[in-house]
$ cat model_33.txt   # compact mmCIF, C-alpha atoms and all ligand atoms
# COMPACT_ATOMS: atom_id res chain seq x y z
CA MET H 1 -10.31 7.88 -27.68
CA PRO H 2 -12.61 7.68 -24.65
CA ALA H 3 -13.88 10.63 -22.63
CA LEU H 4 -12.77 11.00 -19.03
CA SER H 5 -16.32 10.09 -17.99
CA ASP H 6 -16.00 6.71 -19.82
CA VAL H 7 -12.68 5.92 -18.14
CA VAL H 8 -13.94 7.01 -14.73
CA ALA H 9 -17.01 4.78 -15.18
CA ALA H 10 -14.66 1.86 -15.82
CA LEU H 11 -12.56 2.70 -12.74
CA GLU H 12 -15.72 3.04 -10.71
CA ALA H 13 -16.78 -0.44 -11.81
CA LEU H 14 -13.43 -1.83 -10.61
CA TRP H 15 -13.46 0.08 -7.32
CA PRO H 16 -16.96 1.35 -6.49
CA ALA H 17 -16.81 4.47 -4.32
CA GLY H 18 -19.63 3.05 -2.17
CA ARG H 19 -17.24 0.40 -0.83
CA ALA H 20 -14.77 2.95 0.56
CA GLU H 21 -14.64 3.54 4.31
CA PRO H 22 -17.01 6.33 5.48
CA TRP H 23 -14.04 8.56 6.44
CA ASP H 24 -12.36 8.16 3.06
CA ALA H 25 -12.29 10.63 0.13
CA VAL H 26 -12.26 8.73 -3.16
CA GLY H 27 -13.32 9.46 -6.74
CA THR H 28 -12.49 12.20 -9.21
CA VAL H 29 -10.71 15.18 -7.65
CA CYS H 30 -10.40 17.29 -10.80
CA GLY H 31 -10.95 16.88 -14.52
CA ASP H 32 -13.50 17.65 -17.24
CA PRO H 33 -15.82 14.66 -17.83
CA ASP H 34 -15.87 15.49 -21.57
CA ALA H 35 -12.07 15.69 -21.94
CA ARG H 36 -10.44 12.98 -24.07
CA VAL H 37 -8.12 10.51 -22.37
CA GLU H 38 -5.23 8.70 -24.00
CA ARG H 39 -2.42 8.46 -21.44
CA VAL H 40 -3.02 7.36 -17.85
CA LEU H 41 -0.42 7.35 -15.06
CA PHE H 42 -0.86 5.24 -11.91
CA ALA H 43 0.91 6.14 -8.63
CA VAL H 44 0.51 5.73 -4.88
CA ASP H 45 0.76 9.39 -3.84
CA PRO H 46 -0.60 12.56 -5.51
CA VAL H 47 2.50 14.55 -4.58
CA ARG H 48 4.31 17.26 -6.55
CA GLU H 49 6.95 14.95 -8.03
CA VAL H 50 4.31 12.56 -9.37
CA VAL H 51 2.16 15.38 -10.75
CA ASP H 52 5.22 16.81 -12.52
CA GLU H 53 5.87 13.34 -13.96
CA ALA H 54 2.26 13.19 -15.23
CA VAL H 55 2.69 16.57 -16.95
CA GLU H 56 6.03 15.58 -18.48
CA LEU H 57 4.54 12.32 -19.74
CA GLY H 58 1.60 14.15 -21.33
CA ALA H 59 -0.83 12.14 -19.18
CA ASP H 60 -4.50 13.07 -19.38
CA LEU H 61 -5.38 11.23 -16.20
CA LEU H 62 -3.47 10.47 -12.99
CA VAL H 63 -4.91 7.68 -10.84
CA THR H 64 -3.56 7.54 -7.28
CA HIS H 65 -4.21 5.29 -4.31
CA HIS H 66 -3.96 8.00 -1.67
CA PRO H 67 -6.43 10.89 -1.61
CA LEU H 68 -5.19 14.44 -2.17
CA TYR H 69 -7.64 15.93 0.32
CA LEU H 70 -8.66 13.35 2.90
CA ARG H 71 -10.22 15.83 5.30
CA GLY H 72 -11.69 18.47 2.99
CA THR H 73 -10.46 22.00 2.50
CA SER H 74 -11.62 25.57 2.06
CA THR H 75 -8.73 26.58 -0.22
CA VAL H 76 -6.95 25.32 -3.30
CA SER H 77 -4.57 28.30 -3.27
CA ALA H 78 -1.34 27.57 -5.11
CA GLY H 79 0.35 28.91 -1.98
CA THR H 80 -0.42 25.56 -0.32
CA PHE H 81 1.31 22.38 -1.48
CA LYS H 82 -1.98 20.62 -2.19
CA GLY H 83 -3.42 23.67 -3.92
CA ARG H 84 -0.32 23.82 -6.08
CA VAL H 85 -0.99 20.20 -7.11
CA VAL H 86 -4.55 21.17 -8.11
CA HIS H 87 -3.29 24.20 -10.09
CA THR H 88 -0.65 22.16 -11.90
CA LEU H 89 -3.15 19.44 -12.79
CA ILE H 90 -5.82 21.83 -14.09
CA LYS H 91 -3.38 24.08 -15.98
CA ASN H 92 -2.02 21.01 -17.78
CA ASP H 93 -5.37 19.29 -18.41
CA VAL H 94 -4.52 16.33 -16.18
CA ALA H 95 -7.46 14.77 -14.33
CA LEU H 96 -6.95 13.15 -10.89
CA HIS H 97 -8.90 10.12 -9.71
CA VAL H 98 -8.45 8.37 -6.35
CA ALA H 99 -9.15 4.72 -5.45
CA HIS H 100 -8.19 4.17 -1.80
CA THR H 101 -10.04 1.90 0.67
CA ASN H 102 -12.40 0.89 -2.15
CA ALA H 103 -9.31 -0.50 -3.93
CA ASP H 104 -8.10 -2.10 -0.67
CA ARG H 105 -11.20 -4.28 -0.33
CA ALA H 106 -11.69 -4.97 -4.06
CA ASP H 107 -11.19 -8.32 -5.80
CA PRO H 108 -8.45 -8.07 -6.87
CA GLY H 109 -7.32 -5.40 -4.44
CA VAL H 110 -4.21 -3.77 -3.04
CA SER H 111 -3.29 -6.76 -0.86
CA ASP H 112 -3.73 -9.22 -3.76
CA ALA H 113 -1.03 -7.29 -5.60
CA LEU H 114 1.19 -7.35 -2.50
CA ALA H 115 0.64 -11.10 -2.02
CA GLY H 116 1.48 -11.68 -5.68
CA ALA H 117 4.71 -9.71 -5.36
CA LEU H 118 5.67 -11.88 -2.38
CA GLY H 119 5.05 -15.10 -4.30
CA LEU H 120 2.03 -16.06 -2.19
CA ARG H 121 -0.99 -17.97 -3.46
CA VAL H 122 -3.99 -16.07 -2.05
CA THR H 123 -6.49 -18.23 -0.17
CA GLY H 124 -8.91 -15.46 0.87
CA PRO H 125 -9.31 -12.09 2.59
CA LEU H 126 -7.90 -11.57 6.09
CA VAL H 127 -11.08 -9.75 7.14
CA PRO H 128 -13.87 -10.64 4.68
CA ASP H 129 -16.46 -8.00 3.82
CA ALA H 130 -19.62 -8.53 5.84
CA ASP H 131 -23.00 -8.54 4.10
CA ALA H 132 -21.74 -8.82 0.51
CA PRO H 133 -24.37 -10.90 -1.36
CA ASP H 134 -22.74 -9.84 -4.66
CA ASP H 135 -19.53 -11.55 -3.52
CA PRO H 136 -20.70 -15.13 -2.88
CA ALA H 137 -17.16 -16.53 -2.97
CA GLY H 138 -16.17 -14.13 -0.18
CA ARG H 139 -13.11 -12.77 -1.99
CA ARG H 140 -13.50 -9.13 -1.00
CA GLY H 141 -12.27 -7.60 2.22
CA LEU H 142 -9.25 -6.19 4.03
CA GLY H 143 -5.84 -7.86 3.76
CA ARG H 144 -5.23 -11.29 2.29
CA LEU H 145 -4.21 -14.72 3.52
CA GLY H 146 -1.83 -16.72 1.38
CA GLU H 147 0.63 -19.56 1.31
CA LEU H 148 3.95 -20.47 -0.25
CA ASP H 149 4.40 -23.65 -2.28
CA ALA H 150 7.20 -24.71 0.05
CA PRO H 151 8.26 -23.45 3.49
CA VAL H 152 11.30 -21.17 3.80
CA PRO H 153 13.14 -19.68 6.78
CA LEU H 154 11.88 -16.23 7.84
CA ARG H 155 15.22 -14.70 6.84
CA GLU H 156 14.87 -16.01 3.27
CA PHE H 157 11.24 -14.94 3.06
CA ALA H 158 12.21 -11.42 4.16
CA ASP H 159 15.15 -11.30 1.74
CA ARG H 160 12.87 -12.35 -1.12
CA ALA H 161 10.33 -9.68 -0.09
CA ALA H 162 13.07 -7.05 -0.05
CA ALA H 163 14.14 -8.13 -3.54
CA SER H 164 10.66 -8.21 -5.06
CA LEU H 165 9.16 -5.05 -3.53
CA PRO H 166 10.35 -1.63 -4.73
CA ARG H 167 13.45 -0.45 -2.93
CA THR H 168 13.14 2.26 -0.28
CA ALA H 169 15.70 4.02 1.90
CA THR H 170 14.60 2.23 5.04
CA GLY H 171 14.16 -1.31 3.71
CA LEU H 172 12.27 -3.96 5.68
CA ARG H 173 12.06 -4.44 9.44
CA VAL H 174 11.64 -7.99 10.67
CA ALA H 175 10.58 -9.33 14.08
CA GLY H 176 11.00 -13.03 14.85
CA ASP H 177 13.40 -15.97 14.66
CA PRO H 178 15.33 -15.67 11.35
CA ALA H 179 15.49 -19.47 11.13
CA GLY H 180 11.78 -19.95 11.87
CA GLU H 181 9.84 -21.67 9.11
CA VAL H 182 7.35 -19.66 7.04
CA ARG H 183 4.70 -21.24 4.85
CA THR H 184 1.51 -19.26 5.52
CA ALA H 185 1.18 -15.49 5.60
CA ALA H 186 -1.21 -12.62 6.08
CA VAL H 187 -0.55 -9.41 4.18
CA CYS H 188 -2.07 -5.94 4.29
CA GLY H 189 -0.78 -3.16 2.06
CA GLY H 190 -0.35 0.11 3.98
CA SER H 191 -0.98 0.57 7.71
CA GLY H 192 -1.97 -2.82 9.10
CA ASP H 193 -1.46 -2.82 12.85
CA GLY H 194 -5.21 -2.58 13.39
CA LEU H 195 -5.63 -6.14 12.08
CA PHE H 196 -3.47 -8.01 14.62
CA ASP H 197 -6.45 -9.82 16.16
CA ALA H 198 -7.50 -11.20 12.76
CA VAL H 199 -3.89 -12.16 11.98
CA ARG H 200 -3.61 -14.06 15.28
CA ALA H 201 -6.94 -15.77 14.69
CA ALA H 202 -5.76 -16.86 11.23
CA GLY H 203 -2.81 -18.67 12.81
CA VAL H 204 -0.35 -17.70 10.05
CA ASP H 205 3.44 -17.89 10.24
CA VAL H 206 4.14 -14.29 9.21
CA TYR H 207 2.34 -10.96 8.79
CA VAL H 208 3.59 -8.49 6.18
CA THR H 209 2.31 -4.93 6.42
CA ALA H 210 3.60 -1.41 7.19
CA ASP H 211 3.59 1.44 9.70
CA LEU H 212 4.01 -0.95 12.65
CA ARG H 213 4.61 0.83 15.94
CA HIS H 214 6.59 -0.15 19.04
CA HIS H 215 3.77 -1.12 21.40
CA PRO H 216 1.57 -3.14 19.02
CA VAL H 217 4.64 -5.02 17.76
CA SER H 218 6.09 -5.54 21.23
CA GLU H 219 2.79 -6.81 22.59
CA ALA H 220 2.16 -9.01 19.55
CA GLN H 221 5.62 -10.56 19.95
CA GLN H 222 5.19 -11.11 23.69
CA HIS H 223 1.81 -12.73 23.06
CA ALA H 224 3.24 -14.87 20.26
CA ALA H 225 6.11 -16.08 22.45
CA LEU H 226 3.71 -17.12 25.17
CA ALA H 227 0.89 -18.59 23.11
CA ALA H 228 1.98 -19.47 19.60
CA GLY H 229 5.63 -20.51 19.46
CA GLY H 230 6.76 -17.03 18.42
CA ARG H 231 4.37 -16.75 15.47
CA PRO H 232 3.24 -14.76 13.66
CA TYR H 233 6.58 -13.21 12.77
CA LEU H 234 6.20 -9.61 11.64
CA ILE H 235 7.58 -7.75 8.64
CA ASP H 236 7.19 -4.01 8.21
CA ALA H 237 7.90 -3.51 4.52
CA GLY H 238 7.06 0.20 4.28
CA HIS H 239 3.76 1.88 3.45
CA TRP H 240 4.57 3.03 -0.08
CA ALA H 241 6.40 -0.19 -1.03
CA THR H 242 3.53 -2.44 0.10
CA GLU H 243 0.98 -0.44 -1.91
CA TRP H 244 3.02 0.19 -5.05
CA PRO H 245 2.39 -3.30 -6.57
CA TRP H 246 -1.27 -2.28 -6.81
CA CYS H 247 -0.32 0.36 -9.39
CA GLU H 248 0.92 -2.31 -11.80
CA GLN H 249 -2.12 -4.49 -11.13
CA ALA H 250 -4.48 -1.53 -11.65
CA ALA H 251 -2.74 -0.46 -14.87
CA ALA H 252 -3.09 -4.03 -16.20
CA GLN H 253 -6.79 -4.01 -15.32
CA LEU H 254 -7.33 -0.74 -17.19
CA ASP H 255 -5.27 -2.06 -20.14
CA ALA H 256 -7.64 -5.03 -20.41
CA ILE H 257 -10.67 -2.74 -20.33
CA SER H 258 -9.07 -0.50 -22.96
CA ASP H 259 -8.42 -3.53 -25.21
CA ARG H 260 -12.02 -4.74 -24.84
CA ASN H 261 -13.35 -1.31 -25.80
CA ALA H 262 -10.70 -0.53 -28.44
CA TRP H 263 -9.90 2.67 -26.53
CA GLY H 264 -6.19 2.65 -27.32
CA LEU H 265 -5.22 3.89 -23.83
CA ARG H 266 -1.54 4.04 -22.96
CA THR H 267 -1.02 3.26 -19.29
CA HIS H 268 2.09 3.99 -17.24
CA VAL H 269 3.15 3.25 -13.66
CA SER H 270 5.16 5.86 -11.77
CA ARG H 271 8.55 4.64 -10.55
CA ILE H 272 9.20 7.69 -8.40
CA VAL H 273 9.79 6.58 -4.82
CA THR H 274 7.36 8.65 -2.76
CA ASP H 275 8.12 6.92 0.52
CA PRO H 276 8.71 9.96 2.76
CA TRP H 277 11.77 8.41 4.48
CA THR H 278 14.83 9.33 2.46
CA THR H 279 17.87 7.94 4.33
CA HIS H 280 18.70 5.02 6.60
CA SER H 281 21.65 5.06 8.98
CA ALA H 282 22.63 1.56 9.99
CA ALA H 283 23.94 1.02 13.51
CA PRO H 284 27.67 0.26 13.71
CA THR H 285 28.47 -3.45 13.92
CA ALA H 286 28.57 -4.95 17.40
CA SER H 287 32.35 -5.41 17.30
CA THR H 288 32.95 -1.67 17.10
CA ALA H 289 29.91 -0.32 18.87
CA GLY H 290 30.53 -1.65 22.35
CA PRO H 291 27.73 -2.83 24.58
CA PRO H 292 24.22 -2.54 23.14
CA THR H 293 23.13 0.27 25.45
CA PRO H 294 22.17 3.83 24.59
CA HIS H 295 25.00 6.37 24.67
CA ALA H 296 24.90 8.24 27.95
CA SER H 297 23.87 11.48 26.26
CA LEU H 298 20.98 9.69 24.51
CA ALA H 299 19.76 7.62 27.47
CA PRO H 300 16.46 8.77 28.88
CA THR H 301 16.77 10.31 32.34
CA SER H 302 13.41 8.91 33.37
CA PRO H 303 11.47 5.87 32.15
CA GLU H 304 9.66 6.53 28.88
CA GLN H 305 5.92 6.83 29.08
CA PRO H 306 4.07 4.54 26.71
CA ALA H 307 2.25 6.50 24.02
ZN ZN G 401 -1.84 3.73 2.02
$ encode --input "model_33.txt" --output "C-alpha cells" --more "lines below"
Ligand SMILES: [Zn+2]
Amino acid sequence: MPALSDVVAALEALWPAGRAEPWDAVGTVCGDPDARVERVLFAVDPVREVVDEAVELGADLLVTHHPLYLRGTSTVSAGTFKGRVVHTLIKNDVALHVAHTNADRADPGVSDALAGALGLRVTGPLVPDADAPDDPAGRRGLGRLGELDAPVPLREFADRAAASLPRTATGLRVAGDPAGEVRTAAVCGGSGDGLFDAVRAAGVDVYVTADLRHHPVSEAQQHAALAAGGRPYLIDAGHWATEWPWCEQAAAQLDAISDRNAWGLRTHVSRIVTDPWTTHSAAPTASTAGPPTPHASLAPTSPEQPA
C-alpha cells in the first residue's frame, strides 16, 4: 500500500502544480505524507456532502477539482463551513488534494473528458499553452477543439449532450437554430465565456461550456448572426456537469498508475450532484401563458442597466 506522498507524487506528475494559473490554489490541502492510502475518491467539489461520502466510503484520500480555499484563510474553525470540512477530513484521516487549472490544461485534461463524453474526436486545444517545449505536439492548453464523425442538427447534438452528461436540475441551455448543422465544436469544462474570441477564431459550429451570462451570449449571438451565419451556436451545460467527466478520466489515470506500481488502490468517483442549482421551473407552454411578455408586476419600471 503506497504512502500518501507516493500517490501525491503520481498526481503531481499528471497535473504539475507549476502549470496552474497564478491565482489558483492547488495541491495537498491536508493529510499526513506518511499515511497509507488504499481508497481514493474523486469529485468536483470539496463540499460537506462529498466529504461525508469520503468518510462513509473509508477513503484515505479525496481528490477534487475545485480548491477548498481559493483565497487563503486565517481560520479553519469548525464554526465555518470550510473549517468544518477540514475538521471532518483530519478527524477521519482523509487527505484532500486539489487539481484545478493544472488539470484543465493537462493532456489529457478536463476538456478532453468533456469532449469524450460528447462523442467528439479531439483535434487540439482551443487555446494552446504558449512556450511549452516539453509539449512538442501542442496538446496542452485551455479548452479543446473536436469534431463529430457525421454532422447532426444542433437540437440532436444538445439532446445527446444532455443524455451523456450527468443530470442536473437546470439541464442545458441552448442558443442557436435547432435545425442548424453541427460537425465541429469547441468545449471548455467550467466557466468558458472568457474564450469567445478563440472560439470565433476557430470557426466551429458549436461551443459547449458553462456559466454563460446574458451579455456575452447576446453579443456573441448578434456577432454570429452578422458575420458567421449564426455560428457558433452556444450550449451552457452547467459548471459541475461539464467538469464531472474529468473525475472518471482522472480515476482511470490513477488506476493505471496503481496497476503499474502494484499499489492495489481502489478508486471511486462521487455521484453526488454538487451543482448548486437544485430546482428548475419551466415556463408554462405558449398556449396557456399568453403573450411572451413579462407579467405587469414583474416588468421593470425603467430600462435595465447592463451589468
Ligand atoms: Zn470549475
$ residues_around --input "model_33.txt" --residues "H:Glu243" --least-positions-apart "3" --cutoff "8 Å" --atoms "all atoms listed in the file" --output "PyMOL selection string"
chain H and resi 44+110-111+114+189-190+239-240+246-247
$ closest_residue --input "model_33.txt" --among "H:Thr274, H:Gln249, H:Ser77, H:Thr170" --to "ligand ZN 401 (chain G)" --atoms "all atoms listed in the file"
H:Thr274
$ atom_distance --input "model_33.txt" --atom1 "atom CA of H:Trp263" --atom2 "atom CA of H:Asp45"
26.0 Å
$ atom_distance --input "model_33.txt" --atom1 "atom CA of H:Ala59" --atom2 "atom CA of H:Glu21"
28.6 Å
$ closest_residue --input "model_33.txt" --among "H:His65, H:Arg84, H:Lys91, H:His97" --to "H:Gly109" --atoms "all atoms listed in the file"
H:His65
$ closest_residue --input "model_33.txt" --among "H:Phe42, H:Trp277, H:Tyr207, H:Trp244" --to "ligand ZN 401 (chain G)" --atoms "only C-alpha atoms and all ligand atoms"
H:Trp244
$ closest_residue --input "model_33.txt" --among "H:Val40, H:Ala158, H:Ala198, H:Ala210" --to "ligand ZN 401 (chain G)" --atoms "all atoms listed in the file"
H:Ala210
$ closest_residue --input "model_33.txt" --among "H:Val206, H:Ala169, H:Ala117, H:Ala161" --to "H:His280" --atoms "only C-alpha atoms"
H:Ala169
$ closest_residue --input "model_33.txt" --among "H:Gly138, H:Gly238, H:Gly31, H:Pro153" --to "ligand ZN 401 (chain G)" --atoms "only C-alpha atoms and all ligand atoms"
H:Gly238
